[in-house]
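Text of the file final10.cif, holding mmCIF, N, CA and C atoms:
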data_model
loop_
_atom_site.label_atom_id
_atom_site.label_comp_id
_atom_site.auth_asym_id
_atom_site.auth_seq_id
_atom_site.Cartn_x
_atom_site.Cartn_y
_atom_site.Cartn_z
N MET A 1 95.33 271.54 35.15
CA MET A 1 95.48 272.39 36.31
C MET A 1 96.56 273.43 36.03
N ALA A 2 96.27 274.67 36.30
CA ALA A 2 97.21 275.76 36.07
C ALA A 2 98.32 275.76 37.12
N PRO A 3 99.53 276.09 36.72
CA PRO A 3 100.64 276.15 37.68
C PRO A 3 100.39 277.24 38.74
N GLY A 4 100.87 276.99 39.96
CA GLY A 4 100.77 277.95 41.05
C GLY A 4 102.16 278.40 41.50
N LEU A 5 102.21 279.45 42.29
CA LEU A 5 103.49 280.03 42.71
C LEU A 5 104.39 279.07 43.47
N GLY A 6 103.81 278.13 44.20
CA GLY A 6 104.62 277.20 44.97
C GLY A 6 105.13 276.02 44.16
N ASP A 7 104.67 275.90 42.91
CA ASP A 7 105.06 274.77 42.08
C ASP A 7 106.47 274.92 41.55
N THR A 8 107.07 273.78 41.25
CA THR A 8 108.35 273.75 40.56
C THR A 8 108.08 273.38 39.12
N VAL A 9 108.71 274.07 38.21
CA VAL A 9 108.52 273.78 36.79
C VAL A 9 109.86 273.44 36.16
N ARG A 10 109.80 272.60 35.15
CA ARG A 10 111.00 272.19 34.43
C ARG A 10 110.71 272.26 32.93
N PRO A 11 111.71 272.61 32.16
CA PRO A 11 111.53 272.59 30.71
C PRO A 11 111.19 271.17 30.24
N GLY A 12 110.36 271.07 29.22
CA GLY A 12 110.06 269.77 28.65
C GLY A 12 111.32 269.15 28.05
N LYS A 13 111.38 267.84 28.04
CA LYS A 13 112.56 267.15 27.50
C LYS A 13 112.70 267.38 25.99
N ASN A 14 111.61 267.75 25.35
CA ASN A 14 111.62 267.94 23.91
C ASN A 14 111.80 269.41 23.52
N VAL A 15 112.26 270.25 24.46
CA VAL A 15 112.38 271.69 24.21
C VAL A 15 113.84 272.11 24.26
N ALA A 16 114.25 272.82 23.22
CA ALA A 16 115.58 273.42 23.19
C ALA A 16 115.42 274.93 23.30
N SER A 17 116.39 275.59 23.91
CA SER A 17 116.31 277.04 24.03
C SER A 17 117.66 277.65 23.70
N ARG A 18 117.59 278.88 23.26
CA ARG A 18 118.80 279.63 22.95
C ARG A 18 118.53 281.09 23.24
N ASP A 19 119.49 281.73 23.92
CA ASP A 19 119.39 283.17 24.15
C ASP A 19 119.54 283.90 22.82
N THR A 20 118.79 284.97 22.67
CA THR A 20 118.89 285.83 21.49
C THR A 20 119.08 287.26 21.97
N LYS A 21 119.35 288.17 21.05
CA LYS A 21 119.53 289.57 21.45
C LYS A 21 118.23 290.17 21.98
N ASP A 22 117.10 289.58 21.62
CA ASP A 22 115.80 290.08 22.06
C ASP A 22 115.22 289.32 23.24
N GLY A 23 115.87 288.26 23.70
CA GLY A 23 115.37 287.45 24.81
C GLY A 23 115.81 286.01 24.68
N ALA A 24 114.90 285.15 24.21
CA ALA A 24 115.23 283.73 24.02
C ALA A 24 114.29 283.12 23.01
N MET A 25 114.74 282.07 22.37
CA MET A 25 113.95 281.31 21.42
C MET A 25 113.77 279.91 21.99
N LEU A 26 112.53 279.42 21.98
CA LEU A 26 112.23 278.06 22.40
C LEU A 26 111.80 277.27 21.17
N VAL A 27 112.25 276.03 21.07
CA VAL A 27 111.88 275.18 19.94
C VAL A 27 111.39 273.84 20.48
N ASP A 28 110.19 273.45 20.06
CA ASP A 28 109.67 272.12 20.35
C ASP A 28 110.30 271.19 19.32
N LEU A 29 111.21 270.33 19.76
CA LEU A 29 111.96 269.48 18.85
C LEU A 29 111.09 268.42 18.18
N ASP A 30 109.94 268.11 18.77
CA ASP A 30 109.04 267.13 18.17
C ASP A 30 108.27 267.73 17.00
N SER A 31 107.75 268.93 17.18
CA SER A 31 106.91 269.55 16.15
C SER A 31 107.65 270.56 15.29
N GLY A 32 108.77 271.08 15.79
CA GLY A 32 109.49 272.13 15.07
C GLY A 32 108.94 273.52 15.33
N ALA A 33 107.89 273.63 16.15
CA ALA A 33 107.30 274.94 16.46
C ALA A 33 108.28 275.75 17.30
N CYS A 34 108.28 277.08 17.06
CA CYS A 34 109.19 277.99 17.76
C CYS A 34 108.41 279.09 18.48
N TRP A 35 108.96 279.55 19.59
CA TRP A 35 108.40 280.65 20.36
C TRP A 35 109.51 281.61 20.73
N GLN A 36 109.25 282.89 20.61
CA GLN A 36 110.20 283.92 21.00
C GLN A 36 109.76 284.50 22.34
N LEU A 37 110.67 284.56 23.30
CA LEU A 37 110.41 285.19 24.59
C LEU A 37 111.14 286.52 24.63
N ASN A 38 110.49 287.54 25.20
CA ASN A 38 111.18 288.82 25.39
C ASN A 38 112.18 288.67 26.54
N HIS A 39 112.85 289.76 26.90
CA HIS A 39 113.88 289.70 27.94
C HIS A 39 113.33 289.20 29.29
N VAL A 40 112.15 289.65 29.66
CA VAL A 40 111.57 289.22 30.93
C VAL A 40 111.19 287.74 30.87
N GLY A 41 110.57 287.33 29.79
CA GLY A 41 110.22 285.92 29.62
C GLY A 41 111.46 285.04 29.62
N ALA A 42 112.54 285.54 29.00
CA ALA A 42 113.79 284.79 28.97
C ALA A 42 114.38 284.65 30.37
N GLU A 43 114.23 285.69 31.18
CA GLU A 43 114.73 285.60 32.56
C GLU A 43 113.93 284.56 33.35
N VAL A 44 112.64 284.53 33.15
CA VAL A 44 111.80 283.51 33.81
C VAL A 44 112.26 282.13 33.33
N TRP A 45 112.46 281.97 32.03
CA TRP A 45 112.89 280.68 31.48
C TRP A 45 114.22 280.25 32.08
N ARG A 46 115.18 281.16 32.17
CA ARG A 46 116.49 280.82 32.75
C ARG A 46 116.35 280.41 34.21
N THR A 47 115.48 281.10 34.94
CA THR A 47 115.29 280.78 36.36
C THR A 47 114.74 279.37 36.53
N ILE A 48 113.82 278.98 35.67
CA ILE A 48 113.20 277.66 35.83
C ILE A 48 113.95 276.56 35.08
N SER A 49 114.92 276.94 34.27
CA SER A 49 115.61 275.96 33.42
C SER A 49 116.71 275.19 34.11
N GLY A 50 117.35 275.76 35.11
CA GLY A 50 118.45 275.06 35.77
C GLY A 50 118.09 273.64 36.09
N GLU A 51 117.86 273.38 37.32
CA GLU A 51 117.41 272.06 37.73
C GLU A 51 115.94 272.12 38.11
N GLY A 52 115.25 273.07 37.57
CA GLY A 52 113.85 273.28 37.92
C GLY A 52 113.81 274.32 39.00
N GLY A 53 112.96 275.27 38.84
CA GLY A 53 112.89 276.34 39.82
C GLY A 53 111.46 276.64 40.19
N SER A 54 111.30 277.23 41.34
CA SER A 54 109.95 277.58 41.77
C SER A 54 109.51 278.84 41.05
N LEU A 55 108.24 278.93 40.84
CA LEU A 55 107.69 280.13 40.23
C LEU A 55 107.85 281.32 41.15
N ALA A 56 107.80 281.09 42.44
CA ALA A 56 108.02 282.19 43.39
C ALA A 56 109.43 282.74 43.21
N GLY A 57 110.41 281.87 43.01
CA GLY A 57 111.78 282.31 42.78
C GLY A 57 111.91 283.11 41.50
N ALA A 58 111.21 282.69 40.46
CA ALA A 58 111.23 283.44 39.20
C ALA A 58 110.62 284.82 39.40
N CYS A 59 109.55 284.91 40.16
CA CYS A 59 108.91 286.20 40.44
C CYS A 59 109.86 287.11 41.21
N GLU A 60 110.55 286.56 42.19
CA GLU A 60 111.50 287.35 42.97
C GLU A 60 112.60 287.91 42.08
N ALA A 61 113.13 287.09 41.19
CA ALA A 61 114.22 287.52 40.32
C ALA A 61 113.77 288.65 39.40
N VAL A 62 112.59 288.51 38.82
CA VAL A 62 112.09 289.53 37.89
C VAL A 62 111.75 290.82 38.64
N ALA A 63 111.09 290.70 39.78
CA ALA A 63 110.70 291.90 40.55
C ALA A 63 111.94 292.68 40.99
N ALA A 64 112.98 291.97 41.41
CA ALA A 64 114.20 292.64 41.86
C ALA A 64 114.94 293.30 40.70
N ARG A 65 115.02 292.61 39.60
CA ARG A 65 115.79 293.13 38.46
C ARG A 65 115.11 294.32 37.79
N TYR A 66 113.79 294.28 37.68
CA TYR A 66 113.09 295.31 36.93
C TYR A 66 112.35 296.31 37.81
N ASP A 67 112.47 296.18 39.13
CA ASP A 67 111.82 297.10 40.06
C ASP A 67 110.34 297.27 39.73
N VAL A 68 109.64 296.14 39.67
CA VAL A 68 108.22 296.09 39.35
C VAL A 68 107.49 295.53 40.58
N PRO A 69 106.29 296.01 40.87
CA PRO A 69 105.55 295.46 42.02
C PRO A 69 105.36 293.94 41.90
N ARG A 70 105.56 293.28 43.00
CA ARG A 70 105.51 291.81 43.04
C ARG A 70 104.19 291.26 42.52
N ASP A 71 103.06 291.89 42.87
CA ASP A 71 101.76 291.34 42.43
C ASP A 71 101.62 291.39 40.91
N ALA A 72 102.14 292.42 40.28
CA ALA A 72 102.11 292.52 38.81
C ALA A 72 102.99 291.44 38.19
N VAL A 73 104.16 291.23 38.79
CA VAL A 73 105.07 290.20 38.29
C VAL A 73 104.43 288.82 38.41
N GLU A 74 103.83 288.53 39.54
CA GLU A 74 103.21 287.23 39.74
C GLU A 74 102.15 286.96 38.69
N LYS A 75 101.32 287.93 38.42
CA LYS A 75 100.26 287.77 37.42
C LYS A 75 100.85 287.45 36.05
N ASP A 76 101.89 288.20 35.65
CA ASP A 76 102.50 287.99 34.34
C ASP A 76 103.26 286.67 34.26
N VAL A 77 103.99 286.32 35.31
CA VAL A 77 104.73 285.06 35.31
C VAL A 77 103.77 283.88 35.25
N LEU A 78 102.70 283.92 36.02
CA LEU A 78 101.73 282.83 35.98
C LEU A 78 101.07 282.72 34.61
N ALA A 79 100.80 283.85 33.96
CA ALA A 79 100.22 283.82 32.61
C ALA A 79 101.20 283.19 31.62
N LEU A 80 102.47 283.60 31.68
CA LEU A 80 103.48 283.03 30.78
C LEU A 80 103.63 281.54 31.01
N VAL A 81 103.78 281.14 32.25
CA VAL A 81 104.00 279.73 32.56
C VAL A 81 102.76 278.90 32.22
N GLY A 82 101.59 279.46 32.43
CA GLY A 82 100.37 278.76 32.04
C GLY A 82 100.34 278.51 30.54
N ASP A 83 100.76 279.50 29.76
CA ASP A 83 100.81 279.36 28.31
C ASP A 83 101.85 278.31 27.91
N LEU A 84 103.04 278.37 28.50
CA LEU A 84 104.08 277.39 28.19
C LEU A 84 103.62 275.98 28.55
N HIS A 85 102.93 275.86 29.67
CA HIS A 85 102.42 274.55 30.11
C HIS A 85 101.36 274.03 29.14
N SER A 86 100.46 274.89 28.73
CA SER A 86 99.39 274.46 27.81
C SER A 86 99.94 274.01 26.47
N ARG A 87 101.12 274.50 26.11
CA ARG A 87 101.75 274.12 24.84
C ARG A 87 102.72 272.94 25.00
N GLY A 88 102.82 272.41 26.23
CA GLY A 88 103.68 271.25 26.48
C GLY A 88 105.16 271.57 26.54
N LEU A 89 105.50 272.85 26.78
CA LEU A 89 106.91 273.24 26.80
C LEU A 89 107.54 273.09 28.18
N ILE A 90 106.73 272.94 29.21
CA ILE A 90 107.23 272.74 30.57
C ILE A 90 106.41 271.68 31.25
N SER A 91 106.99 271.07 32.28
CA SER A 91 106.24 270.19 33.16
C SER A 91 106.13 270.88 34.52
N VAL A 92 105.07 270.56 35.23
CA VAL A 92 104.80 271.20 36.52
C VAL A 92 104.81 270.13 37.61
N GLU A 93 105.53 270.41 38.68
CA GLU A 93 105.55 269.53 39.85
C GLU A 93 104.91 270.30 40.99
N PRO A 94 103.64 269.97 41.31
CA PRO A 94 102.96 270.70 42.38
C PRO A 94 103.71 270.57 43.70
N ARG A 95 103.56 271.61 44.49
CA ARG A 95 104.15 271.60 45.84
C ARG A 95 103.51 270.47 46.61
N GLY A 96 104.36 269.68 47.25
CA GLY A 96 103.88 268.50 47.95
C GLY A 96 103.39 268.80 49.25
#

Once more with this new file: its structure as structure tokens, please.
Amino acid sequence: MAPGLGDTVRPGKNVASRDTKDGAMLVDLDSGACWQLNHVGAEVWRTISGEGGSLAGACEAVAARYDVPRDAVEKDVLALVGDLHSRGLISVEPRG
């Protein structure tokens, strides 16, 4: 099931992240696979990395910071999070 805007997401326990000059690097500690996030992707990651954040909150942060229409941000954030989820880098807690 694909993540939705009301869901809370958390980084996987096997994922390490580090900010870089270009955004952020994610590493799956089990497989050693790495992913590079651009600045916007890194902002989404930081928003959801604390104690778990809602995707709606991540969309609000990106839309405000980059002055981008909310519907465009939602589409891109959901695509990113769907990809991260399919790769096992995040867990999704559906809205109850």

Among the residues A:Ile48, A:Ala58, A:Leu84, A:Ile90, the one that comes closest to A:Gln36 [using only C-alpha atoms]
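Distance minimum relative to A:Gln36 lands on A:Leu84.
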
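Taking the backbone of this structure through DSSP, the residues of chain A that come out as strand (DSSP E or B) are Thr8, Val9, Arg10, Pro11, Val15, Ala16, Ser17, Arg18, Asp19, Thr20, Gly23, Ala24, Met25, Leu26, Val27, Asp28, Cys34, Trp35, Gln36, Leu37, Gly53, Ser54, Ile90, Ser91, Val92 and Glu93 of chain A.
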
Translate the PyMOL selection byres (((chain A and resi 3 and name CA) around 12) and name CA) into a concrete residue list for this structure, as a VMD selection string.
chain A and resid 1 to 2 4 to 10 54 to 56 74 to 75 77 to 86 90 to 95

Can you pull out the residues contacting stretch 11-14 of chain A? Cut-off 7 Å, using only C-alpha atoms, and skip same-chain residues under 4 positions away; I want them as an MDAnalysis selection string.
chainID A and resid 28:30 49 88:91

Name the residues of chain A that come out as helix (DSSP H, G or I) in a backbone DSSP run; write them as number ranges by chain.
A: 39-49, 55-66, 70-86

I need the output of the PyMOL selection byres (((chain A and resi 46 and name CA) around 12) and name CA) for this file as number ranges by chain; which residues are they?
A: 9-11, 17-19, 23-26, 37, 39-45, 47-55, 57-58, 61-62

How many Å lie between atom CA of A:Ala64 and atom CA of A:Asp76, rounded to one decimal?
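Atom CA of A:Asp76 lies at a distance of 14.7 Å from atom CA of A:Ala64.
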
Taking the partial coordinates given, rebuild stretch 25-43 of chain A to contain N, CA, C and O atoms; return it as a PDB file, keeping the file's coordinate frame.
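Wrote result.pdb, looks like this:
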ATOM      1  N   MET A  25     114.740 282.070  22.370  1.00  0.00           N
ATOM      2  CA  MET A  25     113.950 281.310  21.420  1.00  0.00           C
ATOM      3  C   MET A  25     113.770 279.910  21.990  1.00  0.00           C
ATOM      4  O   MET A  25     114.741 279.292  22.441  1.00  0.00           O
ATOM      5  N   LEU A  26     112.530 279.420  21.980  1.00  0.00           N
ATOM      6  CA  LEU A  26     112.230 278.060  22.400  1.00  0.00           C
ATOM      7  C   LEU A  26     111.800 277.270  21.170  1.00  0.00           C
ATOM      8  O   LEU A  26     111.039 277.795  20.340  1.00  0.00           O
ATOM      9  N   VAL A  27     112.250 276.030  21.070  1.00  0.00           N
ATOM     10  CA  VAL A  27     111.880 275.180  19.940  1.00  0.00           C
ATOM     11  C   VAL A  27     111.390 273.840  20.480  1.00  0.00           C
ATOM     12  O   VAL A  27     112.079 273.191  21.268  1.00  0.00           O
ATOM     13  N   ASP A  28     110.190 273.450  20.060  1.00  0.00           N
ATOM     14  CA  ASP A  28     109.670 272.120  20.350  1.00  0.00           C
ATOM     15  C   ASP A  28     110.300 271.190  19.320  1.00  0.00           C
ATOM     16  O   ASP A  28     109.988 271.266  18.135  1.00  0.00           O
ATOM     17  N   LEU A  29     111.210 270.330  19.760  1.00  0.00           N
ATOM     18  CA  LEU A  29     111.960 269.480  18.850  1.00  0.00           C
ATOM     19  C   LEU A  29     111.090 268.420  18.180  1.00  0.00           C
ATOM     20  O   LEU A  29     111.451 267.908  17.124  1.00  0.00           O
ATOM     21  N   ASP A  30     109.940 268.110  18.770  1.00  0.00           N
ATOM     22  CA  ASP A  30     109.040 267.130  18.170  1.00  0.00           C
ATOM     23  C   ASP A  30     108.270 267.730  17.000  1.00  0.00           C
ATOM     24  O   ASP A  30     108.143 267.115  15.948  1.00  0.00           O
ATOM     25  N   SER A  31     107.750 268.930  17.180  1.00  0.00           N
ATOM     26  CA  SER A  31     106.910 269.550  16.150  1.00  0.00           C
ATOM     27  C   SER A  31     107.650 270.560  15.290  1.00  0.00           C
ATOM     28  O   SER A  31     107.176 270.906  14.204  1.00  0.00           O
ATOM     29  N   GLY A  32     108.770 271.080  15.790  1.00  0.00           N
ATOM     30  CA  GLY A  32     109.490 272.130  15.070  1.00  0.00           C
ATOM     31  C   GLY A  32     108.940 273.520  15.330  1.00  0.00           C
ATOM     32  O   GLY A  32     109.458 274.502  14.811  1.00  0.00           O
ATOM     33  N   ALA A  33     107.890 273.630  16.150  1.00  0.00           N
ATOM     34  CA  ALA A  33     107.300 274.940  16.460  1.00  0.00           C
ATOM     35  C   ALA A  33     108.280 275.750  17.300  1.00  0.00           C
ATOM     36  O   ALA A  33     109.005 275.217  18.136  1.00  0.00           O
ATOM     37  N   CYS A  34     108.280 277.080  17.060  1.00  0.00           N
ATOM     38  CA  CYS A  34     109.190 277.990  17.760  1.00  0.00           C
ATOM     39  C   CYS A  34     108.410 279.090  18.480  1.00  0.00           C
ATOM     40  O   CYS A  34     107.348 279.500  18.015  1.00  0.00           O
ATOM     41  N   TRP A  35     108.960 279.550  19.590  1.00  0.00           N
ATOM     42  CA  TRP A  35     108.400 280.650  20.360  1.00  0.00           C
ATOM     43  C   TRP A  35     109.510 281.610  20.730  1.00  0.00           C
ATOM     44  O   TRP A  35     110.599 281.175  21.128  1.00  0.00           O
ATOM     45  N   GLN A  36     109.250 282.890  20.610  1.00  0.00           N
ATOM     46  CA  GLN A  36     110.200 283.920  21.000  1.00  0.00           C
ATOM     47  C   GLN A  36     109.760 284.500  22.340  1.00  0.00           C
ATOM     48  O   GLN A  36     108.597 284.870  22.497  1.00  0.00           O
ATOM     49  N   LEU A  37     110.670 284.560  23.300  1.00  0.00           N
ATOM     50  CA  LEU A  37     110.410 285.190  24.590  1.00  0.00           C
ATOM     51  C   LEU A  37     111.140 286.520  24.630  1.00  0.00           C
ATOM     52  O   LEU A  37     112.292 286.613  24.193  1.00  0.00           O
ATOM     53  N   ASN A  38     110.490 287.540  25.200  1.00  0.00           N
ATOM     54  CA  ASN A  38     111.180 288.820  25.390  1.00  0.00           C
ATOM     55  C   ASN A  38     112.180 288.670  26.540  1.00  0.00           C
ATOM     56  O   ASN A  38     112.336 287.589  27.113  1.00  0.00           O
ATOM     57  N   HIS A  39     112.850 289.760  26.900  1.00  0.00           N
ATOM     58  CA  HIS A  39     113.880 289.700  27.940  1.00  0.00           C
ATOM     59  C   HIS A  39     113.330 289.200  29.290  1.00  0.00           C
ATOM     60  O   HIS A  39     113.996 288.412  29.968  1.00  0.00           O
ATOM     61  N   VAL A  40     112.150 289.650  29.660  1.00  0.00           N
ATOM     62  CA  VAL A  40     111.570 289.220  30.930  1.00  0.00           C
ATOM     63  C   VAL A  40     111.190 287.740  30.870  1.00  0.00           C
ATOM     64  O   VAL A  40     111.492 286.979  31.790  1.00  0.00           O
ATOM     65  N   GLY A  41     110.570 287.330  29.790  1.00  0.00           N
ATOM     66  CA  GLY A  41     110.220 285.920  29.620  1.00  0.00           C
ATOM     67  C   GLY A  41     111.460 285.040  29.620  1.00  0.00           C
ATOM     68  O   GLY A  41     111.471 283.948  30.177  1.00  0.00           O
ATOM     69  N   ALA A  42     112.540 285.540  29.000  1.00  0.00           N
ATOM     70  CA  ALA A  42     113.790 284.790  28.970  1.00  0.00           C
ATOM     71  C   ALA A  42     114.380 284.650  30.370  1.00  0.00           C
ATOM     72  O   ALA A  42     114.922 283.603  30.720  1.00  0.00           O
ATOM     73  N   GLU A  43     114.230 285.690  31.180  1.00  0.00           N
ATOM     74  CA  GLU A  43     114.730 285.600  32.560  1.00  0.00           C
ATOM     75  C   GLU A  43     113.930 284.560  33.350  1.00  0.00           C
ATOM     76  O   GLU A  43     114.492 283.775  34.113  1.00  0.00           O
TER      77      GLU A  43
END
